[in-house]
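Trainee: For reference, the file query-v4.cif (mmCIF, C-alpha atoms) is included below:
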```cif
data_start
#
loop_
_atom_site.label_atom_id
_atom_site.label_comp_id
_atom_site.auth_asym_id
_atom_site.auth_seq_id
_atom_site.Cartn_x
_atom_site.Cartn_y
_atom_site.Cartn_z
CA MET A 11 -6.93 -17.83 9.84
CA PHE A 12 -9.95 -15.64 9.12
CA ALA A 13 -13.00 -14.82 11.21
CA ASN A 14 -16.51 -15.22 9.82
CA SER A 15 -19.37 -12.77 10.22
CA GLY A 16 -21.98 -15.51 10.16
CA LYS A 17 -23.78 -13.72 7.32
CA THR A 18 -24.09 -14.67 3.67
CA HIS A 19 -24.35 -12.32 0.70
CA ASP A 20 -25.01 -12.41 -3.02
CA VAL A 21 -21.75 -10.56 -3.73
CA PRO A 22 -18.66 -9.76 -1.61
CA ILE A 23 -18.76 -6.60 0.48
CA MET A 24 -15.79 -4.27 0.75
CA TRP A 25 -16.02 -2.31 3.99
CA GLY A 26 -13.99 0.79 3.23
CA GLY A 27 -14.29 4.32 1.91
CA PRO A 28 -12.80 6.76 -0.62
CA ALA A 29 -10.54 8.47 1.94
CA SER A 30 -8.88 5.16 2.88
CA ALA A 31 -5.49 4.52 1.26
CA PHE A 32 -5.64 0.74 1.37
CA SER A 33 -9.26 0.72 0.20
CA ALA A 34 -7.95 2.33 -3.00
CA LYS A 35 -5.57 -0.57 -3.53
CA VAL A 36 -8.24 -3.25 -3.10
CA ARG A 37 -10.94 -1.35 -5.01
CA SER A 38 -8.74 -0.91 -8.10
CA TYR A 39 -7.94 -4.61 -8.07
CA LEU A 40 -11.60 -5.61 -7.84
CA ILE A 41 -12.50 -3.30 -10.71
CA LYS A 42 -9.73 -4.57 -12.97
CA ARG A 43 -10.46 -8.16 -11.98
CA GLY A 44 -14.14 -7.65 -12.85
CA VAL A 45 -15.39 -8.80 -9.45
CA LYS A 46 -18.99 -7.84 -8.72
CA TYR A 47 -18.93 -6.40 -5.21
CA GLN A 48 -20.60 -3.83 -2.99
CA GLU A 49 -18.63 -1.14 -1.16
CA ILE A 50 -20.12 -0.06 2.16
CA PHE A 51 -18.53 2.66 4.25
CA SER A 52 -17.33 1.99 7.78
CA ASN A 53 -19.81 4.53 9.16
CA GLN A 54 -22.58 1.93 9.13
CA PRO A 55 -23.62 0.38 12.47
CA ARG A 56 -23.00 -3.17 11.31
CA PHE A 57 -19.32 -2.37 10.79
CA SER A 58 -18.82 -1.18 14.38
CA ASP A 59 -21.17 -3.78 15.88
CA GLU A 60 -20.06 -6.89 13.97
CA ILE A 61 -17.09 -6.44 11.64
CA MET A 62 -14.74 -4.44 13.84
CA PRO A 63 -15.14 -6.75 16.89
CA ALA A 64 -14.38 -9.75 14.67
CA ILE A 65 -11.14 -8.13 13.45
CA GLY A 66 -10.22 -6.81 16.90
CA TYR A 67 -9.53 -3.18 16.01
CA PHE A 68 -10.62 -0.45 13.59
CA VAL A 69 -9.17 -0.95 10.15
CA VAL A 70 -10.32 -0.71 6.55
CA PRO A 71 -10.71 -2.19 4.13
CA VAL A 72 -12.24 -5.46 5.28
CA MET A 73 -13.46 -7.83 2.57
CA GLU A 74 -16.52 -9.83 3.59
CA LEU A 75 -16.92 -12.72 1.16
CA GLU A 76 -20.22 -14.25 0.15
CA ASP A 77 -19.92 -16.89 2.89
CA GLY A 78 -19.09 -14.32 5.58
CA THR A 79 -15.31 -14.85 5.60
CA LEU A 80 -13.52 -11.65 6.64
CA ILE A 81 -10.22 -10.89 4.89
CA GLN A 82 -8.41 -7.76 6.04
CA ASP A 83 -4.90 -7.56 4.59
CA SER A 84 -4.90 -6.27 1.00
CA LYS A 85 -2.31 -8.89 0.02
CA ASP A 86 -4.62 -11.64 1.19
CA VAL A 87 -7.61 -10.14 -0.60
CA ILE A 88 -5.74 -10.11 -3.91
CA ALA A 89 -4.37 -13.61 -3.31
CA HIS A 90 -7.91 -14.91 -2.67
CA PHE A 91 -9.30 -13.58 -5.94
CA GLU A 92 -6.20 -14.51 -7.95
CA LYS A 93 -6.78 -18.09 -6.80
CA ALA A 94 -10.43 -17.81 -7.76
CA TYR A 95 -9.49 -16.68 -11.31
CA PRO A 96 -6.43 -18.84 -12.11
CA ASP A 97 -6.81 -18.58 -15.89
CA ASP A 98 -6.80 -14.79 -16.09
CA ARG A 99 -4.31 -13.63 -13.49
CA LEU A 100 -3.36 -10.02 -12.79
CA THR A 101 0.14 -10.96 -11.69
CA PRO A 102 2.95 -11.91 -14.10
CA GLU A 103 3.98 -15.55 -14.25
CA THR A 104 7.41 -15.26 -15.90
CA PRO A 105 10.21 -15.18 -13.28
CA VAL A 106 11.72 -11.71 -13.65
CA LEU A 107 8.45 -9.84 -14.10
CA LYS A 108 6.82 -11.82 -11.29
CA ALA A 109 9.58 -10.88 -8.86
CA LEU A 110 9.75 -7.31 -10.13
CA ASP A 111 5.99 -6.87 -9.79
CA GLY A 112 6.14 -8.04 -6.18
CA LEU A 113 9.08 -5.75 -5.42
CA LEU A 114 7.37 -2.72 -6.95
CA GLY A 115 4.14 -3.61 -5.19
CA PHE A 116 5.99 -3.66 -1.88
CA PHE A 117 7.67 -0.29 -2.41
CA CYS A 118 4.51 1.42 -3.64
CA THR A 119 2.38 0.13 -0.78
CA GLU A 120 4.77 0.33 2.16
CA THR A 121 7.13 3.27 1.62
CA PHE A 122 4.92 6.26 0.81
CA PHE A 123 3.15 6.70 4.15
CA ALA A 124 5.06 9.94 4.84
CA PRO A 125 4.17 11.93 1.71
CA GLY A 126 0.65 10.51 1.64
CA MET A 127 -0.03 11.73 5.16
CA HIS A 128 1.99 14.94 4.83
CA TYR A 129 0.05 16.29 1.87
CA ARG A 130 -3.28 15.53 3.55
CA TRP A 131 -2.61 16.95 7.02
CA ASN A 132 -0.05 19.71 6.51
CA TYR A 133 -2.14 21.66 4.01
CA MET A 134 -5.31 21.88 6.06
CA ASP A 135 -5.41 25.64 5.56
CA ARG A 136 -6.15 24.95 1.87
CA GLN A 137 -8.38 21.87 2.17
CA ARG A 138 -9.94 21.73 5.64
CA ASP A 139 -13.54 21.66 4.42
CA TYR A 140 -12.72 18.87 2.00
CA VAL A 141 -10.96 16.72 4.61
CA LEU A 142 -13.84 17.28 7.03
CA ALA A 143 -16.24 16.14 4.33
CA ILE A 144 -14.37 12.98 3.35
CA PHE A 145 -13.92 11.92 6.97
CA GLY A 146 -17.55 12.74 7.60
CA ASN A 147 -18.92 10.58 4.79
CA PHE A 148 -16.44 7.84 5.65
CA MET A 149 -16.81 7.68 9.43
CA SER A 150 -20.13 9.31 10.36
CA ALA A 151 -23.67 8.38 9.35
CA VAL A 152 -25.32 11.63 10.46
CA ARG A 153 -26.35 14.35 8.00
CA ASP A 154 -25.89 17.35 10.26
CA LYS A 155 -22.58 19.03 9.42
CA GLU A 156 -21.79 20.26 12.92
CA GLN A 157 -22.61 16.91 14.51
CA GLN A 158 -20.69 15.09 11.81
CA ALA A 159 -17.63 17.28 12.36
CA ALA A 160 -17.80 16.63 16.10
CA GLU A 161 -18.02 12.87 15.55
CA VAL A 162 -14.96 12.68 13.30
CA ALA A 163 -12.82 15.18 15.22
CA PRO A 164 -11.12 12.53 17.42
CA ALA A 165 -10.10 10.44 14.40
CA MET A 166 -8.82 13.48 12.53
CA GLU A 167 -6.85 14.60 15.57
CA TYR A 168 -5.27 11.17 15.88
CA PHE A 169 -4.26 10.85 12.24
CA SER A 170 -2.89 14.38 12.02
CA GLY A 171 -0.94 13.71 15.23
CA PHE A 172 0.56 10.55 13.73
CA LEU A 173 2.88 12.48 11.41
CA PRO A 174 6.04 12.51 13.60
CA ASP A 175 5.83 8.72 13.90
CA LEU A 176 6.09 8.62 10.11
CA GLY A 177 9.09 10.94 9.99
CA VAL A 178 7.00 13.94 8.94
CA ARG A 179 8.64 16.72 10.95
CA PRO A 180 9.49 20.37 10.20
CA GLU A 181 13.09 19.50 9.32
CA THR A 182 12.04 16.81 6.80
CA LEU A 183 9.18 18.51 4.93
CA GLU A 184 11.30 20.01 2.18
CA THR A 185 12.95 16.66 1.46
CA ILE A 186 9.63 14.80 1.54
CA GLU A 187 8.22 17.11 -1.11
CA GLU A 188 11.40 17.14 -3.21
CA SER A 189 11.54 13.35 -3.21
CA PHE A 190 7.84 12.88 -3.88
CA GLU A 191 7.85 15.29 -6.79
CA ALA A 192 10.79 13.36 -8.23
CA TRP A 193 8.73 10.17 -7.84
CA LEU A 194 5.77 11.68 -9.68
CA LYS A 195 8.00 12.87 -12.53
CA VAL A 196 9.86 9.59 -13.05
CA LEU A 197 6.62 7.61 -12.90
CA ASP A 198 4.97 10.10 -15.27
CA ALA A 199 7.66 9.52 -17.89
CA HIS A 200 6.98 5.77 -17.73
CA LEU A 201 3.18 6.09 -17.84
CA PHE A 202 3.44 8.42 -20.83
CA GLN A 203 4.67 5.38 -22.76
CA HIS A 204 2.68 2.56 -21.12
CA PRO A 205 -0.86 2.23 -19.77
CA TYR A 206 0.27 0.49 -16.57
CA ILE A 207 3.36 0.29 -14.42
CA MET A 208 3.78 -3.33 -15.49
CA GLY A 209 3.31 -2.52 -19.19
CA GLY A 210 0.15 -3.53 -21.04
CA ARG A 211 -1.51 -5.18 -18.07
CA PRO A 212 -1.84 -4.06 -14.43
CA GLY A 213 -0.14 -5.97 -11.63
CA LEU A 214 0.69 -5.74 -7.95
CA ALA A 215 2.83 -2.69 -8.73
CA ASP A 216 -0.21 -0.81 -10.04
CA PHE A 217 -2.54 -1.83 -7.23
CA GLY A 218 0.13 -1.03 -4.67
CA ALA A 219 0.74 2.40 -6.17
CA MET A 220 -2.97 3.20 -5.99
CA THR A 221 -2.70 2.95 -2.19
CA TRP A 222 -1.29 6.43 -1.76
CA LEU A 223 -1.47 7.92 -5.24
CA TYR A 224 -5.26 7.77 -5.41
CA ALA A 225 -6.95 7.98 -2.01
CA HIS A 226 -4.72 10.79 -0.74
CA ILE A 227 -2.74 12.38 -3.56
CA ALA A 228 -5.15 12.29 -6.53
CA ARG A 229 -8.23 13.25 -4.48
CA ASP A 230 -7.10 15.79 -1.88
CA PRO A 231 -7.24 19.32 -3.38
CA TYR A 232 -3.66 20.49 -2.81
CA SER A 233 -1.89 17.30 -3.86
CA SER A 234 -4.33 16.64 -6.69
CA ASP A 235 -3.42 19.98 -8.21
CA LEU A 236 0.26 19.14 -7.77
CA MET A 237 -0.19 15.78 -9.49
CA LYS A 238 -2.08 17.27 -12.42
CA ARG A 239 0.53 19.98 -12.93
CA ILE A 240 3.73 17.93 -12.78
CA SER A 241 2.55 14.40 -13.60
CA PRO A 242 -0.62 14.48 -15.71
CA HIS A 243 -0.02 10.96 -16.97
CA VAL A 244 0.05 9.63 -13.42
CA PHE A 245 -3.27 11.32 -12.78
CA ARG A 246 -4.65 9.81 -15.98
CA TRP A 247 -3.43 6.41 -14.79
CA THR A 248 -5.45 6.77 -11.55
CA GLU A 249 -8.52 7.22 -13.75
CA ARG A 250 -7.55 4.23 -15.90
CA MET A 251 -7.22 2.07 -12.80
CA HIS A 252 -10.92 2.67 -12.09
CA ASN A 253 -12.04 1.68 -15.58
CA GLN A 254 -13.29 -1.85 -16.12
CA GLY A 255 -11.32 -3.90 -18.59
CA ILE A 256 -7.62 -3.82 -19.38
CA ILE A 257 -7.36 -2.09 -22.76
CA ASP A 258 -7.67 1.67 -22.42
CA GLY A 259 -8.83 4.10 -25.10
CA GLU A 260 -5.56 6.00 -24.89
CA PHE A 261 -3.58 2.85 -25.76
CA PRO A 262 -5.97 0.87 -28.00
CA ASP A 263 -3.14 -0.88 -29.86
CA VAL A 264 -1.28 -2.05 -26.74
CA ALA A 265 -1.88 -5.74 -26.08
CA PRO A 266 -3.25 -6.40 -22.57
CA GLU A 267 -0.25 -8.55 -21.73
CA TYR A 268 2.99 -8.43 -19.78
CA ALA A 269 6.25 -8.46 -21.74
CA ALA A 270 6.60 -11.74 -23.59
CA ASP A 271 10.39 -11.88 -23.24
CA ASP A 272 10.30 -11.45 -19.43
CA THR A 273 12.10 -8.10 -19.73
CA PRO A 274 10.65 -4.90 -18.23
CA PRO A 275 10.28 -1.76 -20.35
CA LYS A 276 13.37 0.46 -20.35
CA THR A 277 11.27 3.33 -19.00
CA LEU A 278 10.83 1.34 -15.79
CA LEU A 279 14.54 1.42 -14.97
CA PRO A 280 14.55 5.06 -13.74
CA VAL A 281 11.53 4.18 -11.58
CA LEU A 282 13.54 1.41 -9.95
CA GLU A 283 16.58 3.64 -9.51
CA PHE A 284 14.43 6.19 -7.69
CA LEU A 285 12.89 3.59 -5.37
CA PHE A 286 16.26 2.11 -4.41
CA SER A 287 17.83 5.50 -3.78
CA ASP A 288 14.97 7.27 -1.99
CA CYS A 289 12.82 4.53 -0.46
CA ALA A 290 15.05 1.54 0.25
CA PRO A 291 16.92 3.11 3.24
CA GLU A 292 13.69 3.27 5.25
CA THR A 293 13.02 -0.45 4.76
CA ILE A 294 16.61 -1.45 5.52
CA ALA A 295 16.47 0.55 8.76
CA THR A 296 13.14 -1.07 9.66
CA ILE A 297 14.57 -4.56 9.24
CA ASP A 298 17.57 -3.51 11.32
CA ILE A 299 15.39 -2.32 14.23
CA PHE A 300 13.40 -5.56 14.03
CA ASN A 301 16.60 -7.57 14.32
CA LYS A 302 17.78 -5.41 17.22
CA TRP A 303 14.44 -5.95 18.96
CA LEU A 304 14.94 -9.70 18.55
CA ASP A 305 18.48 -9.42 19.95
CA ALA A 306 17.09 -7.61 22.99
CA ASN A 307 14.43 -10.29 23.45
CA PRO A 308 16.20 -13.58 22.61
CA ASP A 309 13.77 -15.77 24.54
CA LEU A 310 10.61 -14.82 22.69
CA PRO A 311 8.91 -18.08 21.68
CA SER A 312 7.27 -18.94 18.41
CA GLY A 313 3.77 -17.50 18.51
CA ALA A 314 4.74 -14.43 20.53
CA GLU A 315 2.66 -11.49 19.33
CA ILE A 316 4.66 -8.54 18.01
CA ASN A 317 4.02 -5.26 19.89
CA ARG A 318 0.40 -4.41 19.34
CA THR A 319 -1.79 -1.75 20.95
CA ARG A 320 -5.32 -3.06 20.76
CA THR A 321 -7.01 0.30 21.25
CA ALA A 322 -5.01 2.34 18.75
CA PRO A 323 -6.25 2.98 15.20
CA SER A 324 -2.82 1.83 14.00
CA SER A 325 -3.17 -1.68 15.44
CA GLY A 326 -2.74 -3.11 11.96
CA HIS A 327 0.80 -1.63 11.91
CA PRO A 328 2.52 -2.56 15.20
CA ARG A 329 5.56 -0.44 15.97
CA LEU A 330 9.04 -1.81 16.52
CA GLY A 331 10.80 1.33 17.74
CA GLU A 332 12.40 4.42 16.27
CA ILE A 333 14.54 4.07 13.16
CA THR A 334 16.97 6.56 11.62
CA PHE A 335 17.87 6.75 7.94
CA GLU A 336 19.08 9.21 5.31
CA GLN A 337 17.11 10.45 2.31
CA ARG A 338 18.63 13.04 -0.04
CA GLY A 339 21.02 14.16 2.69
CA THR A 340 18.31 14.62 5.32
CA THR A 341 18.16 12.51 8.46
CA PHE A 342 14.74 10.99 9.14
CA ARG A 343 13.48 9.59 12.44
CA ARG A 344 10.29 7.57 12.49
CA GLN A 345 8.73 4.41 13.86
CA GLY A 346 9.57 1.14 12.14
CA LEU A 347 6.49 -0.96 11.42
CA ALA A 348 6.31 -4.74 11.79
CA SER A 349 3.89 -4.88 8.87
CA ALA A 350 6.62 -3.57 6.56
CA VAL A 351 8.99 -6.34 7.70
CA TYR A 352 6.30 -8.95 7.09
CA HIS A 353 5.53 -7.72 3.58
CA TYR A 354 9.24 -7.46 2.77
CA GLN A 355 9.53 -11.08 3.87
CA CYS A 356 6.66 -12.10 1.57
CA MET A 357 8.25 -10.23 -1.33
CA LYS A 358 11.61 -11.90 -0.68
CA ASP A 359 9.91 -15.32 -0.60
CA VAL A 360 8.85 -14.84 -4.21
CA ILE A 361 12.38 -13.87 -5.23
CA GLU A 362 13.91 -16.82 -3.37
CA SER A 363 11.54 -19.19 -5.19
CA LEU A 364 12.74 -18.20 -8.66
CA PRO A 365 14.47 -20.83 -10.80
CA ALA A 366 18.22 -20.38 -11.07
CA ASP A 367 18.24 -18.78 -14.52
CA GLY A 368 15.37 -16.44 -13.65
CA ARG A 369 17.05 -15.46 -10.39
CA ALA A 370 20.32 -14.68 -12.16
CA LYS A 371 18.54 -12.46 -14.68
CA PHE A 372 16.56 -10.73 -11.93
CA ASP A 373 19.66 -10.14 -9.79
CA ALA A 374 21.51 -8.65 -12.77
CA LEU A 375 18.61 -6.25 -13.35
CA ILE A 376 18.43 -5.21 -9.69
CA ASN A 377 22.18 -4.72 -9.40
CA SER A 378 22.15 -2.51 -12.51
CA VAL A 379 19.73 -0.05 -10.85
CA GLY A 380 21.35 0.05 -7.39
CA GLY A 381 19.21 -2.47 -5.51
CA GLU A 382 21.83 -4.97 -4.34
CA SER A 383 22.01 -3.79 -0.71
CA PHE A 384 18.23 -3.64 -0.44
CA LEU A 385 17.82 -7.33 -1.22
CA LYS A 386 20.64 -8.28 1.14
CA ALA A 387 18.60 -7.09 4.13
CA GLN A 388 17.37 -10.11 6.06
CA PRO A 389 14.95 -10.34 9.01
CA ALA A 390 16.53 -12.56 11.67
CA ARG A 391 13.25 -14.40 12.29
CA ARG A 392 10.16 -14.92 10.22
CA ILE A 393 6.85 -13.24 10.96
CA LYS A 394 3.49 -14.90 10.48
CA TYR A 395 0.19 -13.06 10.06
CA GLU A 396 -2.81 -14.84 11.55
CA ASN A 397 -6.18 -13.66 12.82
CA TYR A 398 -5.28 -10.09 11.75
CA ARG A 399 -2.21 -9.98 14.01
CA TYR A 400 1.54 -10.36 13.62
CA PHE A 401 3.41 -13.13 15.45
CA LEU A 402 6.91 -14.53 15.50
CA ALA A 403 7.08 -17.76 13.54
#
```
Hey, can you dump this file as structure tokens for me?
Mentor:
Amino acid sequence: MFANSGKTHDVPIMWGGPASAFSAKVRSYLIKRGVKYQEIFSNQPRFSDEIMPAIGYFVVPVMELEDGTLIQDSKDVIAHFEKAYPDDRLTPETPVLKALDGLLGFFCTETFFAPGMHYRWNYMDRQRDYVLAIFGNFMSAVRDKEQQAAEVAPAMEYFSGFLPDLGVRPETLETIEESFEAWLKVLDAHLFQHPYIMGGRPGLADFGAMTWLYAHIARDPYSSDLMKRISPHVFRWTERMHNQGIIDGEFPDVAPEYAADDTPPKTLLPVLEFLFSDCAPETIATIDIFNKWLDANPDLPSGAEINRTRTAPSSGHPRLGEITFEQRGTTFRRQGLASAVYHYQCMKDVIESLPADGRAKFDALINSVGGESFLKAQPARRIKYENYRYFLA
């Protein structure tokens, strides 16, 4: 399933960088897990000469294990280290919290592309020098500013031009910001009471939320100021997620454990209500376009690769076609991503595996916060992820 670099190392290497959203997810997990690792930026020649050809396209992060194994998907990285540390897991084991953690991790990772990219690229008049610098130290090894800027210009042009494919258009900007500010406020209220999204111990929800809330929002000047002003406890949480150990000085009396009675904190319910109202429609529309694509191609065999452009920087997120959905009364048009369908499938697998009593309790919780229709969405065929690509099962 994974390629191998043919090199061995004393500690794992994370090929990534501070500007990378998904690097933030993996990095926070490694820190909280206590894994000794080395982060090397993708601007180094070995990444372009050895790592990228092995994966097949440009993407970060890539985890290179001590034996040279290359793991790319953040879900697989976490799964690898959770298996390596079975007695001290950073995922809940009781049924309801386990399923809830996976659901929150899915939402936080997969449904905030639009605000994450909007705040970075649509406020360049206030943060151009900063964005140039972070792309420079991430993607260029030269120390001449003009040469560095020239080297990263194509990548910056691509990513800033990607916004319409994410639904970031003039007619949606007001709604994107209104919704995202509501997200920051509801999450802030929860993190005022608890050190982590999952309570006294971080989980997939926390690592997933770091994807966009740290690398883009907490670091970029404009959005960082916004976060500090309207959600200071969320900003504090991004700091906590980079501190080794579980117990934090702000919550010294909170046990580093998930809820013993398998019941989430009450302050998490408004968080769930927000996600189902504002974020679920995008995922439901994505699954719908995937099913329509299958209907239009009924003879695709098992093993058929799902639309993938090998030369595009977005090769890790193959597109399924344009989707349309409503958020806060605004119509959004964007590309549906096969990766979102795959990760929804993985999240649903956990829910489907719950014992009957745990499933009943979980369903009652989800129905109470408006999530019933979200969990009824069903991909018509399964997707498998092998060799860093998406295929029909």
Trainee: Please, what distance in Å, to one decimal, runs between CA of Glu332 in chain A and CA of Val72 in chain A?
Mentor: 28.7 Å
Trainee: From the set A:Glu249, A:Glu396, A:Asp86, A:Asp263, which residue has the shortest atom-to-atom contact distance to Met220 in chain A, counting only C-alpha atoms?
Mentor: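 For Met220 in chain A, the nearest of the given residues is A:Glu249.
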Trainee: Residues within 10 Å of range 22-34 of chain A, please, as an MDAnalysis selection string. Count all atoms listed in the file; anything in the same chain fewer than 4 positions from it doesn't count.
Mentor: chainID A and resid 18 38:40 45:54 57 61 69:84 119 123 126:127 141 143:149 217:227 229:230 248 251:252
Trainee: Could you take the residues named above and write them with C-alpha atoms, as a JSON list (two decimals), in the frame of the given file?
Mentor:
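part.json, written as the output of this step:
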```
[["chain", "number", "residue", "atom", "x", "y", "z"],
["A", 18, "THR", "CA", -24.09, -14.67, 3.67],
["A", 38, "SER", "CA", -8.74, -0.91, -8.10],
["A", 39, "TYR", "CA", -7.94, -4.61, -8.07],
["A", 40, "LEU", "CA", -11.60, -5.61, -7.84],
["A", 45, "VAL", "CA", -15.39, -8.80, -9.45],
["A", 46, "LYS", "CA", -18.99, -7.84, -8.72],
["A", 47, "TYR", "CA", -18.93, -6.40, -5.21],
["A", 48, "GLN", "CA", -20.60, -3.83, -2.99],
["A", 49, "GLU", "CA", -18.63, -1.14, -1.16],
["A", 50, "ILE", "CA", -20.12, -0.06, 2.16],
["A", 51, "PHE", "CA", -18.53, 2.66, 4.25],
["A", 52, "SER", "CA", -17.33, 1.99, 7.78],
["A", 53, "ASN", "CA", -19.81, 4.53, 9.16],
["A", 54, "GLN", "CA", -22.58, 1.93, 9.13],
["A", 57, "PHE", "CA", -19.32, -2.37, 10.79],
["A", 61, "ILE", "CA", -17.09, -6.44, 11.64],
["A", 69, "VAL", "CA", -9.17, -0.95, 10.15],
["A", 70, "VAL", "CA", -10.32, -0.71, 6.55],
["A", 71, "PRO", "CA", -10.71, -2.19, 4.13],
["A", 72, "VAL", "CA", -12.24, -5.46, 5.28],
["A", 73, "MET", "CA", -13.46, -7.83, 2.57],
["A", 74, "GLU", "CA", -16.52, -9.83, 3.59],
["A", 75, "LEU", "CA", -16.92, -12.72, 1.16],
["A", 76, "GLU", "CA", -20.22, -14.25, 0.15],
["A", 77, "ASP", "CA", -19.92, -16.89, 2.89],
["A", 78, "GLY", "CA", -19.09, -14.32, 5.58],
["A", 79, "THR", "CA", -15.31, -14.85, 5.60],
["A", 80, "LEU", "CA", -13.52, -11.65, 6.64],
["A", 81, "ILE", "CA", -10.22, -10.89, 4.89],
["A", 82, "GLN", "CA", -8.41, -7.76, 6.04],
["A", 83, "ASP", "CA", -4.90, -7.56, 4.59],
["A", 84, "SER", "CA", -4.90, -6.27, 1.00],
["A", 119, "THR", "CA", 2.38, 0.13, -0.78],
["A", 123, "PHE", "CA", 3.15, 6.70, 4.15],
["A", 126, "GLY", "CA", 0.65, 10.51, 1.64],
["A", 127, "MET", "CA", -0.03, 11.73, 5.16],
["A", 141, "VAL", "CA", -10.96, 16.72, 4.61],
["A", 143, "ALA", "CA", -16.24, 16.14, 4.33],
["A", 144, "ILE", "CA", -14.37, 12.98, 3.35],
["A", 145, "PHE", "CA", -13.92, 11.92, 6.97],
["A", 146, "GLY", "CA", -17.55, 12.74, 7.60],
["A", 147, "ASN", "CA", -18.92, 10.58, 4.79],
["A", 148, "PHE", "CA", -16.44, 7.84, 5.65],
["A", 149, "MET", "CA", -16.81, 7.68, 9.43],
["A", 217, "PHE", "CA", -2.54, -1.83, -7.23],
["A", 218, "GLY", "CA", 0.13, -1.03, -4.67],
["A", 219, "ALA", "CA", 0.74, 2.40, -6.17],
["A", 220, "MET", "CA", -2.97, 3.20, -5.99],
["A", 221, "THR", "CA", -2.70, 2.95, -2.19],
["A", 222, "TRP", "CA", -1.29, 6.43, -1.76],
["A", 223, "LEU", "CA", -1.47, 7.92, -5.24],
["A", 224, "TYR", "CA", -5.26, 7.77, -5.41],
["A", 225, "ALA", "CA", -6.95, 7.98, -2.01],
["A", 226, "HIS", "CA", -4.72, 10.79, -0.74],
["A", 227, "ILE", "CA", -2.74, 12.38, -3.56],
["A", 229, "ARG", "CA", -8.23, 13.25, -4.48],
["A", 230, "ASP", "CA", -7.10, 15.79, -1.88],
["A", 248, "THR", "CA", -5.45, 6.77, -11.55],
["A", 251, "MET", "CA", -7.22, 2.07, -12.80],
["A", 252, "HIS", "CA", -10.92, 2.67, -12.09]]
```
Trainee: What is the distance, in Å and to one decimal place, between CA of Glu336 in chain A and CA of Glu292 in chain A?
Mentor: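 For CA of Glu336 in chain A relative to CA of Glu292 in chain A, the distance reads 8.0 Å.
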Trainee: Please, what distance in Å, to one decimal, runs between CA of Pro164 in chain A and CA of Asn132 in chain A?
Mentor: 17.1 Å
Trainee: What's around range 173-187 of chain A at 7 Å? Count all atoms listed in the file, leave out sequence neighbours fewer than 3 positions away in its own chain, and write the answer as an NGL selection string.
Mentor: :A and (123-125 or 127-128 or 170 or 190-191 or 338 or 340 or 342-345)
Trainee: Skip Val106 in chain A itself and residues of its chain fewer than 5 positions away, then list as a PDB file with C-alpha atoms, in the coordinates of the input all residues within 12 Å of it, counting all atoms listed in the file.
Mentor:
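The result, stored in around-v1.pdb:
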```pdb
ATOM      1  CA  THR A 101       0.140 -10.960 -11.690  1.00  0.00           C
ATOM      2  CA  ASP A 111       5.990  -6.870  -9.790  1.00  0.00           C
ATOM      3  CA  GLY A 112       6.140  -8.040  -6.180  1.00  0.00           C
ATOM      4  CA  LEU A 113       9.080  -5.750  -5.420  1.00  0.00           C
ATOM      5  CA  MET A 208       3.780  -3.330 -15.490  1.00  0.00           C
ATOM      6  CA  TYR A 268       2.990  -8.430 -19.780  1.00  0.00           C
ATOM      7  CA  ALA A 269       6.250  -8.460 -21.740  1.00  0.00           C
ATOM      8  CA  ALA A 270       6.600 -11.740 -23.590  1.00  0.00           C
ATOM      9  CA  ASP A 271      10.390 -11.880 -23.240  1.00  0.00           C
ATOM     10  CA  ASP A 272      10.300 -11.450 -19.430  1.00  0.00           C
ATOM     11  CA  THR A 273      12.100  -8.100 -19.730  1.00  0.00           C
ATOM     12  CA  PRO A 274      10.650  -4.900 -18.230  1.00  0.00           C
ATOM     13  CA  VAL A 360       8.850 -14.840  -4.210  1.00  0.00           C
ATOM     14  CA  ILE A 361      12.380 -13.870  -5.230  1.00  0.00           C
ATOM     15  CA  GLU A 362      13.910 -16.820  -3.370  1.00  0.00           C
ATOM     16  CA  SER A 363      11.540 -19.190  -5.190  1.00  0.00           C
ATOM     17  CA  LEU A 364      12.740 -18.200  -8.660  1.00  0.00           C
ATOM     18  CA  PRO A 365      14.470 -20.830 -10.800  1.00  0.00           C
ATOM     19  CA  ALA A 366      18.220 -20.380 -11.070  1.00  0.00           C
ATOM     20  CA  ASP A 367      18.240 -18.780 -14.520  1.00  0.00           C
ATOM     21  CA  GLY A 368      15.370 -16.440 -13.650  1.00  0.00           C
ATOM     22  CA  ARG A 369      17.050 -15.460 -10.390  1.00  0.00           C
ATOM     23  CA  ALA A 370      20.320 -14.680 -12.160  1.00  0.00           C
ATOM     24  CA  LYS A 371      18.540 -12.460 -14.680  1.00  0.00           C
ATOM     25  CA  PHE A 372      16.560 -10.730 -11.930  1.00  0.00           C
ATOM     26  CA  ASP A 373      19.660 -10.140  -9.790  1.00  0.00           C
ATOM     27  CA  ALA A 374      21.510  -8.650 -12.770  1.00  0.00           C
ATOM     28  CA  LEU A 375      18.610  -6.250 -13.350  1.00  0.00           C
ATOM     29  CA  ILE A 376      18.430  -5.210  -9.690  1.00  0.00           C
TER      30      ILE A 376
END
```
